[in-house]
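structure_15.tsv (TSV, C-alpha atoms)
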```tsv
chain	number	residue	atom	x	y	z
T	1	MET	CA	71.59	109.01	120.66
T	2	THR	CA	74.48	106.54	120.96
T	3	THR	CA	77.75	108.23	121.94
T	4	VAL	CA	81.27	106.98	121.26
T	5	LEU	CA	84.08	108.71	123.13
T	6	VAL	CA	87.61	108.24	121.84
T	7	ALA	CA	90.33	109.00	124.41
T	8	GLY	CA	93.46	109.92	122.47
T	9	ALA	CA	93.70	111.80	119.18
T	10	GLY	CA	96.75	110.15	117.67
T	11	GLN	CA	96.71	107.88	114.62
T	12	SER	CA	94.51	105.19	116.19
T	13	GLY	CA	92.11	107.61	117.84
T	14	PHE	CA	91.64	109.62	114.67
T	15	GLN	CA	91.11	106.45	112.64
T	16	ALA	CA	88.51	105.12	115.05
T	17	ALA	CA	86.48	108.32	114.76
T	18	ALA	CA	86.84	108.53	110.98
T	19	SER	CA	86.02	104.84	110.46
T	20	LEU	CA	82.84	105.13	112.51
T	21	ARG	CA	81.59	107.72	110.06
T	22	ASP	CA	82.85	105.71	107.07
T	23	LYS	CA	80.79	102.76	108.30
T	24	GLY	CA	77.63	104.83	108.63
T	25	PHE	CA	77.57	105.40	112.37
T	26	GLY	CA	75.00	108.10	113.01
T	27	GLY	CA	75.53	108.77	116.70
T	28	ARG	CA	77.75	111.23	118.48
T	29	VAL	CA	81.53	110.87	118.00
T	30	VAL	CA	83.81	112.77	120.37
T	31	LEU	CA	87.59	112.70	119.86
T	32	ILE	CA	89.53	113.83	122.93
T	33	GLY	CA	93.16	114.86	122.46
T	34	ASP	CA	95.66	116.33	124.91
T	35	GLU	CA	97.42	118.40	122.23
T	36	PRO	CA	95.62	121.43	120.77
T	37	GLY	CA	94.55	121.54	117.13
T	38	VAL	CA	93.63	118.82	114.67
T	39	PRO	CA	95.18	115.34	115.00
T	40	TYR	CA	98.55	114.86	113.34
T	41	GLN	CA	100.77	112.00	112.26
T	42	ARG	CA	104.00	111.18	114.07
T	43	PRO	CA	106.26	109.35	111.55
T	44	PRO	CA	107.39	112.57	109.77
T	45	LEU	CA	108.49	114.08	113.08
T	46	SER	CA	111.77	112.14	112.94
T	47	LYS	CA	112.16	112.67	109.20
T	48	GLN	CA	110.87	115.47	106.96
T	49	TYR	CA	109.50	117.65	109.75
T	50	LEU	CA	112.75	117.43	111.72
T	51	GLN	CA	114.68	118.43	108.60
T	52	GLY	CA	112.33	121.32	107.90
T	53	THR	CA	111.24	119.97	104.52
T	54	ALA	CA	107.66	119.48	105.74
T	55	GLY	CA	105.62	122.05	107.63
T	56	VAL	CA	102.92	121.73	110.26
T	57	ASP	CA	100.11	121.43	107.70
T	58	ALA	CA	101.80	118.38	106.17
T	59	LEU	CA	101.52	116.61	109.53
T	60	HIS	CA	97.75	117.00	109.80
T	61	LEU	CA	95.84	113.76	109.31
T	62	ARG	CA	92.93	115.83	107.99
T	63	PRO	CA	92.12	119.57	107.94
T	64	GLN	CA	89.58	121.08	110.30
T	65	ASP	CA	86.92	121.03	107.57
T	66	PHE	CA	87.02	117.23	107.56
T	67	PHE	CA	85.97	117.05	111.22
T	68	ASN	CA	83.26	119.64	110.65
T	69	ASP	CA	81.88	117.78	107.65
T	70	LYS	CA	81.97	114.39	109.41
T	71	ASP	CA	80.47	115.84	112.61
T	72	ILE	CA	83.38	114.63	114.72
T	73	GLU	CA	83.70	116.72	117.86
T	74	LEU	CA	87.27	117.61	118.75
T	75	VAL	CA	87.83	118.21	122.45
T	76	ASP	CA	91.14	119.54	123.77
T	77	GLY	CA	91.93	117.91	127.08
T	78	ARG	CA	93.03	114.75	128.81
T	79	VAL	CA	90.77	112.12	130.33
T	80	ALA	CA	91.54	112.07	134.04
T	81	ALA	CA	89.21	109.28	135.14
T	82	ILE	CA	86.71	106.70	133.94
T	83	ASN	CA	83.58	105.96	135.94
T	84	ARG	CA	82.59	102.56	134.60
T	85	ALA	CA	79.51	102.27	136.80
T	86	GLU	CA	78.04	105.46	135.35
T	87	SER	CA	79.65	105.13	131.87
T	88	THR	CA	81.25	108.56	132.08
T	89	VAL	CA	84.71	110.07	131.82
T	90	THR	CA	86.00	113.14	133.59
T	91	LEU	CA	88.50	115.45	131.94
T	92	GLU	CA	91.26	117.20	133.83
T	93	ASP	CA	89.28	120.45	133.75
T	94	GLY	CA	86.36	118.71	135.49
T	95	THR	CA	84.17	118.27	132.41
T	96	SER	CA	82.11	115.06	132.50
T	97	LEU	CA	81.13	113.20	129.33
T	98	ALA	CA	78.85	110.18	129.06
T	99	TYR	CA	79.50	107.29	126.70
T	100	ASP	CA	77.84	104.19	125.32
T	101	HIS	CA	81.20	103.00	123.96
T	102	LEU	CA	84.64	104.19	125.00
T	103	VAL	CA	87.73	103.65	122.83
T	104	LEU	CA	91.06	103.96	124.63
T	105	ALA	CA	93.67	105.14	122.13
T	106	THR	CA	96.03	106.52	124.73
T	107	GLY	CA	99.20	105.48	122.92
T	108	ALA	CA	102.57	105.37	124.63
T	109	ARG	CA	105.11	107.65	126.27
T	110	ASN	CA	108.87	107.70	125.91
T	111	ARG	CA	110.71	105.33	128.22
T	112	PRO	CA	112.86	107.45	130.54
T	113	LEU	CA	116.60	106.91	130.81
T	114	PRO	CA	117.06	105.86	134.46
T	115	VAL	CA	120.47	107.44	135.10
T	116	PRO	CA	121.69	110.53	136.97
T	117	GLY	CA	121.64	113.66	134.83
T	118	ALA	CA	118.75	112.60	132.61
T	119	ASP	CA	116.94	115.81	133.57
T	120	LEU	CA	119.72	118.15	132.45
T	121	GLU	CA	119.04	120.83	129.88
T	122	GLY	CA	119.88	119.57	126.41
T	123	VAL	CA	118.57	116.04	127.05
T	124	LEU	CA	115.57	115.55	124.79
T	125	GLY	CA	113.24	112.86	123.51
T	126	LEU	CA	111.16	112.70	120.35
T	127	ARG	CA	107.48	111.84	120.57
T	128	THR	CA	105.42	114.96	119.91
T	129	ARG	CA	105.47	117.91	117.54
T	130	ASP	CA	106.76	120.09	120.39
T	131	ASP	CA	109.61	117.60	120.90
T	132	ALA	CA	110.54	117.84	117.22
T	133	ASP	CA	110.43	121.65	117.36
T	134	SER	CA	112.74	121.63	120.39
T	135	LEU	CA	115.15	119.23	118.72
T	136	ARG	CA	115.29	121.23	115.51
T	137	THR	CA	116.13	124.37	117.48
T	138	ALA	CA	118.73	122.55	119.60
T	139	LEU	CA	120.42	121.12	116.50
T	140	GLU	CA	121.10	124.61	115.21
T	141	GLN	CA	123.37	125.28	118.21
T	142	ALA	CA	124.69	121.82	119.08
T	143	LYS	CA	128.28	120.81	118.47
T	144	ASP	CA	128.41	117.28	119.89
T	145	VAL	CA	125.26	115.19	119.45
T	146	VAL	CA	124.83	111.81	121.14
T	147	VAL	CA	121.88	109.53	120.45
T	148	ILE	CA	121.15	106.92	123.11
T	149	GLY	CA	119.33	104.00	121.50
T	150	GLY	CA	119.88	102.27	118.17
T	151	GLY	CA	116.25	101.52	117.31
T	152	PHE	CA	113.97	103.12	114.73
T	153	ILE	CA	113.60	106.51	116.41
T	154	GLY	CA	117.25	106.94	117.32
T	155	LEU	CA	118.46	105.96	113.86
T	156	GLU	CA	115.84	108.03	112.04
T	157	PHE	CA	116.94	111.04	114.05
T	158	ALA	CA	120.59	110.25	113.27
T	159	ALA	CA	119.78	109.90	109.57
T	160	HIS	CA	117.94	113.24	109.41
T	161	ALA	CA	119.98	115.31	111.86
T	162	GLY	CA	121.97	116.89	109.05
T	163	ARG	CA	125.31	116.25	110.76
T	164	PRO	CA	127.41	113.34	112.08
T	165	VAL	CA	126.25	112.03	115.46
T	166	THR	CA	127.35	109.37	117.92
T	167	VAL	CA	124.89	106.52	118.48
T	168	VAL	CA	125.17	104.49	121.70
T	169	GLU	CA	123.35	101.15	121.80
T	170	ALA	CA	123.50	98.80	124.79
T	171	GLN	CA	122.97	95.70	122.66
T	172	ASP	CA	125.67	94.42	120.31
T	173	ARG	CA	123.91	95.54	117.14
T	174	LEU	CA	121.52	98.16	115.85
T	175	LEU	CA	117.80	97.40	115.50
T	176	ALA	CA	118.34	94.31	117.64
T	177	ARG	CA	114.76	94.24	118.91
T	178	VAL	CA	113.10	94.49	115.52
T	179	ALA	CA	115.33	93.10	112.76
T	180	THR	CA	117.70	90.29	111.84
T	181	PRO	CA	121.50	90.60	112.08
T	182	GLU	CA	121.79	91.02	108.29
T	183	ILE	CA	119.53	94.08	108.41
T	184	SER	CA	121.41	95.43	111.43
T	185	ALA	CA	124.72	95.13	109.62
T	186	HIS	CA	123.40	96.83	106.50
T	187	PHE	CA	122.12	99.87	108.39
T	188	ALA	CA	125.25	100.05	110.54
T	189	THR	CA	127.32	100.35	107.38
T	190	LEU	CA	125.01	103.05	106.00
T	191	HIS	CA	125.26	105.15	109.14
T	192	GLU	CA	129.02	104.77	109.39
T	193	GLN	CA	129.41	105.78	105.75
T	194	ALA	CA	127.30	108.86	106.50
T	195	GLY	CA	129.76	109.83	109.25
T	196	ALA	CA	128.06	108.49	112.37
T	197	THR	CA	130.09	106.94	115.17
T	198	LEU	CA	128.49	103.73	116.47
T	199	ILE	CA	129.22	102.49	119.98
T	200	LEU	CA	127.59	99.10	120.43
T	201	GLY	CA	127.40	96.80	123.44
T	202	HIS	CA	127.77	99.62	125.95
T	203	GLY	CA	125.13	101.24	128.12
T	204	VAL	CA	125.00	104.65	129.75
T	205	THR	CA	125.61	105.13	133.48
T	206	ALA	CA	125.25	108.91	133.82
T	207	LEU	CA	124.92	112.23	132.05
T	208	HIS	CA	127.12	115.03	133.35
T	209	GLY	CA	126.91	118.79	133.25
T	210	ASP	CA	126.38	121.92	135.31
T	211	GLY	CA	122.71	122.56	134.58
T	212	LYS	CA	123.23	121.68	130.90
T	213	VAL	CA	124.49	118.38	129.60
T	214	GLU	CA	128.20	118.28	128.79
T	215	SER	CA	129.06	114.58	128.55
T	216	VAL	CA	127.71	111.03	128.48
T	217	GLU	CA	129.38	108.41	130.69
T	218	LEU	CA	129.37	104.83	129.37
T	219	THR	CA	129.46	101.56	131.27
T	220	ASP	CA	133.16	101.16	130.41
T	221	GLY	CA	133.96	104.52	132.02
T	222	ARG	CA	134.41	106.52	128.83
T	223	ARG	CA	132.93	110.01	128.68
T	224	LEU	CA	131.62	111.31	125.37
T	225	PRO	CA	131.38	115.07	124.89
T	226	ALA	CA	127.76	116.06	124.32
T	227	ASP	CA	125.83	119.31	124.34
T	228	LEU	CA	122.72	117.60	122.90
T	229	VAL	CA	121.57	114.12	123.93
T	230	VAL	CA	118.62	112.45	122.23
T	231	ILE	CA	116.98	109.63	124.18
T	232	GLY	CA	115.47	106.85	122.05
T	233	VAL	CA	115.29	103.80	124.32
T	234	GLY	CA	111.74	102.73	123.55
T	235	VAL	CA	108.31	103.56	124.89
T	236	LEU	CA	105.91	102.51	127.63
T	237	PRO	CA	102.19	102.04	127.00
T	238	GLU	CA	99.90	104.64	128.55
T	239	THR	CA	97.86	102.46	130.89
T	240	THR	CA	97.38	104.60	134.00
T	241	LEU	CA	93.82	105.56	133.08
T	242	ALA	CA	92.88	101.92	132.47
T	243	GLU	CA	94.57	100.71	135.66
T	244	GLU	CA	92.80	103.28	137.80
T	245	ALA	CA	89.49	102.22	136.22
T	246	GLY	CA	90.15	98.61	137.21
T	247	LEU	CA	90.69	97.28	133.69
T	248	LYS	CA	93.09	94.39	133.16
T	249	VAL	CA	96.59	95.60	132.31
T	250	ASP	CA	99.70	93.59	131.42
T	251	ASN	CA	102.28	95.26	129.17
T	252	GLY	CA	99.42	97.35	127.84
T	253	ILE	CA	95.68	97.30	128.18
T	254	VAL	CA	94.63	93.68	127.77
T	255	VAL	CA	92.01	93.09	125.08
T	256	ASP	CA	90.43	90.04	123.44
T	257	GLU	CA	90.35	89.11	119.76
T	258	HIS	CA	87.70	91.81	119.21
T	259	LEU	CA	89.90	94.41	120.95
T	260	THR	CA	87.46	94.59	123.86
T	261	THR	CA	88.86	95.21	127.34
T	262	SER	CA	87.65	93.47	130.48
T	263	ASP	CA	84.72	95.92	130.33
T	264	PRO	CA	82.47	95.17	127.30
T	265	LYS	CA	81.76	98.88	126.76
T	266	ILE	CA	85.44	99.76	126.49
T	267	PHE	CA	87.91	99.00	123.69
T	268	ALA	CA	91.65	99.65	123.41
T	269	VAL	CA	93.59	100.14	120.18
T	270	GLY	CA	97.08	100.99	118.97
T	271	ASP	CA	100.28	101.27	120.99
T	272	CYS	CA	98.50	100.89	124.33
T	273	ALA	CA	96.72	97.59	123.53
T	274	ASN	CA	98.02	94.09	124.31
T	275	PHE	CA	96.06	91.76	122.03
T	276	PRO	CA	96.11	88.06	121.02
T	277	CYS	CA	98.19	88.31	117.83
T	278	VAL	CA	97.55	85.37	115.53
T	279	HIS	CA	100.75	86.07	113.60
T	280	ALA	CA	102.93	86.06	116.72
T	281	GLY	CA	101.04	83.22	118.35
T	282	GLN	CA	100.91	85.04	121.67
T	283	PRO	CA	99.66	88.24	123.33
T	284	THR	CA	101.47	91.14	121.70
T	285	ARG	CA	101.68	94.90	121.85
T	286	LEU	CA	102.69	96.51	118.56
T	287	GLU	CA	103.95	100.02	117.94
T	288	SER	CA	103.15	100.75	114.31
T	289	VAL	CA	100.92	102.95	112.19
T	290	GLN	CA	99.49	99.89	110.44
T	291	ASN	CA	98.43	98.30	113.71
T	292	ALA	CA	96.95	101.55	114.99
T	293	VAL	CA	94.92	102.10	111.82
T	294	ASP	CA	93.74	98.53	111.37
T	295	GLN	CA	92.74	98.03	115.00
T	296	ALA	CA	90.75	101.28	114.91
T	297	ARG	CA	88.90	100.10	111.81
T	298	TRP	CA	88.14	96.76	113.48
T	299	VAL	CA	86.66	98.47	116.53
T	300	ALA	CA	84.54	100.75	114.36
T	301	ALA	CA	83.20	97.65	112.61
T	302	THR	CA	82.37	96.04	115.94
T	303	ILE	CA	80.54	99.11	117.20
T	304	THR	CA	78.53	99.31	113.96
T	305	GLY	CA	77.46	95.68	114.15
T	306	ALA	CA	80.05	93.78	112.13
T	307	PRO	CA	82.48	92.26	114.67
T	308	ALA	CA	85.35	90.06	113.52
T	309	PRO	CA	88.48	88.73	115.23
T	310	TYR	CA	91.45	90.99	114.61
T	311	ASP	CA	93.90	89.17	112.34
T	312	SER	CA	95.62	91.87	110.26
T	313	VAL	CA	99.20	91.13	109.16
T	314	PRO	CA	101.62	93.38	111.11
T	315	TRP	CA	103.95	95.51	109.04
T	316	PHE	CA	106.48	98.23	109.77
T	317	TRP	CA	108.81	100.55	107.91
T	318	THR	CA	111.63	103.03	108.36
T	319	ASP	CA	113.38	105.42	105.95
T	320	GLN	CA	117.05	106.09	106.60
T	321	LEU	CA	119.77	107.55	104.38
T	322	GLY	CA	117.96	106.80	101.13
T	323	ASN	CA	117.12	103.25	102.17
T	324	LYS	CA	113.64	101.93	102.98
T	325	LEU	CA	113.29	98.97	105.30
T	326	GLN	CA	109.86	97.31	105.23
T	327	ILE	CA	108.97	94.40	107.50
T	328	ALA	CA	105.92	92.16	107.12
T	329	GLY	CA	104.99	89.66	109.80
T	330	ILE	CA	106.56	88.86	113.17
T	331	GLY	CA	109.93	87.13	112.98
T	332	THR	CA	110.20	86.16	116.66
T	333	GLY	CA	111.11	82.49	116.98
T	334	ALA	CA	112.45	82.10	113.44
T	335	ASP	CA	114.75	79.08	113.07
T	336	ASN	CA	115.83	79.64	109.47
T	337	LEU	CA	116.73	82.80	107.53
T	338	LEU	CA	117.25	83.01	103.78
T	339	VAL	CA	118.48	86.00	101.77
T	340	THR	CA	117.12	86.89	98.35
T	341	GLY	CA	118.13	89.72	96.06
T	342	ASP	CA	121.45	91.57	95.92
T	343	LYS	CA	122.91	92.57	99.28
T	344	ASP	CA	125.86	94.31	97.65
T	345	ALA	CA	123.49	96.54	95.68
T	346	GLY	CA	121.45	97.24	98.80
T	347	LYS	CA	118.31	95.60	97.39
T	348	PHE	CA	117.50	92.41	99.21
T	349	SER	CA	115.01	90.61	101.43
T	350	ILE	CA	115.38	88.32	104.42
T	351	LEU	CA	112.84	85.49	104.56
T	352	ALA	CA	112.22	84.19	108.08
T	353	PHE	CA	110.87	80.67	108.66
T	354	ARG	CA	109.75	78.70	111.68
T	355	ASP	CA	109.34	74.95	111.15
T	356	ASP	CA	109.69	75.59	107.38
T	357	VAL	CA	106.74	78.01	107.35
T	358	LEU	CA	107.22	81.63	106.29
T	359	ILE	CA	106.51	83.96	109.24
T	360	ALA	CA	108.14	87.27	108.24
T	361	VAL	CA	109.92	89.10	105.42
T	362	GLU	CA	112.31	92.03	105.85
T	363	SER	CA	112.88	93.97	102.64
T	364	VAL	CA	115.45	96.65	101.90
T	365	ASN	CA	114.61	98.72	98.83
T	366	ARG	CA	112.43	95.90	97.44
T	367	PRO	CA	108.88	97.22	97.80
T	368	SER	CA	107.47	94.53	95.52
T	369	ASP	CA	108.72	91.84	97.90
T	370	HIS	CA	107.08	93.65	100.80
T	371	VAL	CA	103.69	93.99	99.15
T	372	SER	CA	103.79	90.35	98.04
T	373	ALA	CA	104.85	89.20	101.51
T	374	ARG	CA	101.88	90.93	103.09
T	375	ARG	CA	99.54	89.14	100.67
T	376	LEU	CA	101.16	85.78	101.31
T	377	LEU	CA	101.20	86.13	105.09
T	378	ALA	CA	97.53	87.14	105.08
T	379	ALA	CA	96.51	83.95	103.27
T	380	THR	CA	94.73	81.24	105.21
T	381	ARG	CA	97.11	78.61	103.79
T	382	PRO	CA	100.66	78.97	105.17
T	383	VAL	CA	103.57	79.49	102.78
T	384	THR	CA	106.12	76.70	103.07
T	385	LEU	CA	109.82	76.66	102.33
T	386	ASP	CA	109.28	74.00	99.66
T	387	GLU	CA	106.65	76.15	97.95
T	388	LEU	CA	109.02	79.12	97.87
T	389	ARG	CA	111.83	76.96	96.55
T	390	ALA	CA	109.57	75.80	93.73
T	391	ALA	CA	108.87	79.48	92.94
T	392	GLU	CA	112.61	80.22	93.03
T	393	PHE	CA	111.92	82.52	95.99
T	394	ASP	CA	110.07	84.95	93.73
T	395	LEU	CA	107.52	86.37	96.20
T	396	LYS	CA	105.68	88.37	93.56
T	397	ALA	CA	105.26	85.37	91.26
T	398	LEU	CA	104.12	83.15	94.12
T	399	ALA	CA	101.58	85.72	95.34
T	400	LYS	CA	100.24	86.06	91.80
T	401	SER	CA	99.97	82.30	91.32
T	402	ARG	CA	98.02	82.00	94.56
T	403	SER	CA	95.52	84.76	93.75
```
Any chance you could put this one into structure tokens?
Amino acid sequence: MTTVLVAGAGQSGFQAAASLRDKGFGGRVVLIGDEPGVPYQRPPLSKQYLQGTAGVDALHLRPQDFFNDKDIELVDGRVAAINRAESTVTLEDGTSLAYDHLVLATGARNRPLPVPGADLEGVLGLRTRDDADSLRTALEQAKDVVVIGGGFIGLEFAAHAGRPVTVVEAQDRLLARVATPEISAHFATLHEQAGATLILGHGVTALHGDGKVESVELTDGRRLPADLVVIGVGVLPETTLAEEAGLKVDNGIVVDEHLTTSDPKIFAVGDCANFPCVHAGQPTRLESVQNAVDQARWVAATITGAPAPYDSVPWFWTDQLGNKLQIAGIGTGADNLLVTGDKDAGKFSILAFRDDVLIAVESVNRPSDHVSARRLLAATRPVTLDELRAAEFDLKALAKSRS
């Protein structure tokens, strides 16, 4: 019997196992996760679950009955080593499992804050359900909350913390790594109107306290009072297992267009995989649910005999303070930005072009634009600036006319 082992039971690992069954795979499927219980989704951790409006059951990707019915074996544990010569993995408890195909869905870990005091009590990150539980408890007692990092996680926490917080971002605007200045400005205004204090263009040099955090020291010497500090400065791909197995690693586990590693029996998907992204035009590692799900489906298709180059359109989203930001495509290298919609009403889209070709669309509270952008960016024929002008920048109408 053919055996597929999936190392990592997050979104991509779960999807790989489920998609194998969806595509008629009749062999053994083993899903190995280092957190007990059924696999769960992470996006609500910084939103509804943090607020307490969604319970543990709402996080579950599927109930236990699903895994029983699909004959997907759930194994609690962490893969400690891969023996490529023997096609086996060893778990931390010493258990050995053989594979015909191995899918690495090891995800990412929070990037540590490399300053003195980062290990003080009251300094927390947000990646797992346990992290969210700890943060929710800490919020009940905290008086002064400082968030370090103005990206998606930091701002989602700030939006759902239920109280004003101070956000410290080393770059000169929020969401600088993922969005255009217009989007950054819009969300900065939203957070300030909600009572947040934004400190931009300043890093952190130290956290101070006697056992428990009491203040945050900035690069300009200021000290901010803080009895709870939330670190949201990005993530690092989990590649140790792959490195120790001798697989090629470079900002993630390097894979080809079929998501195959340097070992033809081993695939990598999701946050840990560095793949040749046709929409970015270069090797890319993406941290998104869409990428995790789509890559897992692609690998399942390859294993079941229907390989195809991975070319799914990247898309992302965040919900903050009653506003939904949805991004389709990769805007890196854009040389022209155009705004459509009504910025004053908080319903607008930013169209990003490179050499007069549409490469990305950022939409605030315009879901129709987002859906249409994904259709247009997935088309084999590029969308030009002239074509959009002729359609009066109506993405929905243009997508319909092209279908």
For Lys265 in chain T, which of T:Asp342, T:Asp69, T:Glu140, T:Asp100 is the closest residue, counting only C-alpha atoms?
->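 Of the candidates, the smallest distance to Lys265 in chain T is held by T:Asp100.
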Need the neighbours of (112.6, 80.4, 109.0): which residues are at most 8 Å away, counting only C-alpha atoms, as a list in words?
->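 I get Ala334, Asp335, Asn336, Leu337, Leu338, Leu351, Ala352, Phe353, Arg354, Asp355, Asp356, Val357, Leu358 and Ile359 of chain T for the residues within 8 Å of that point.
For the choices T:Pro63, T:Gly333, T:Gly107, T:Pro43, the atom-to-atom distance to Ala242 in chain T is smallest for T:Gly107 when using all atoms listed in the file.
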Find the residues near range 198-211 of chain T: any atom within 7 Å, counting only C-alpha atoms, skip ones fewer than 2 places away on the same chain, and give them as a list in words.
->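 What passes the distance filter is Val115, Pro116, Gly117, Ala118, Leu120, Glu121, Thr166, Val167, Val168, Glu169, Ala170, Gln171, Asp172, Arg173, Ala196, Val213, Glu214, Ser215, Val216, Glu217, Leu218 and Thr219 of chain T.
Near Thr90 in chain T, within 6 Å and counting only C-alpha atoms, sit Val79, Ala80, Ala81, Gly94, Thr95 and Ser96 of chain T; same-chain residues fewer than 2 positions away were not included.
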Nearest-residue call for Phe393 in chain T, choices T:Ala280, T:Val178, T:Phe14, T:Ile350, using only C-alpha atoms |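 Nearest to Phe393 in chain T: T:Ile350.
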So which one's closest to Ala373 in chain T, T:Glu387, T:Asp394, T:Asp250, T:Asp319? Using all atoms listed in the file, please.
->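 Closest candidate: T:Asp394.
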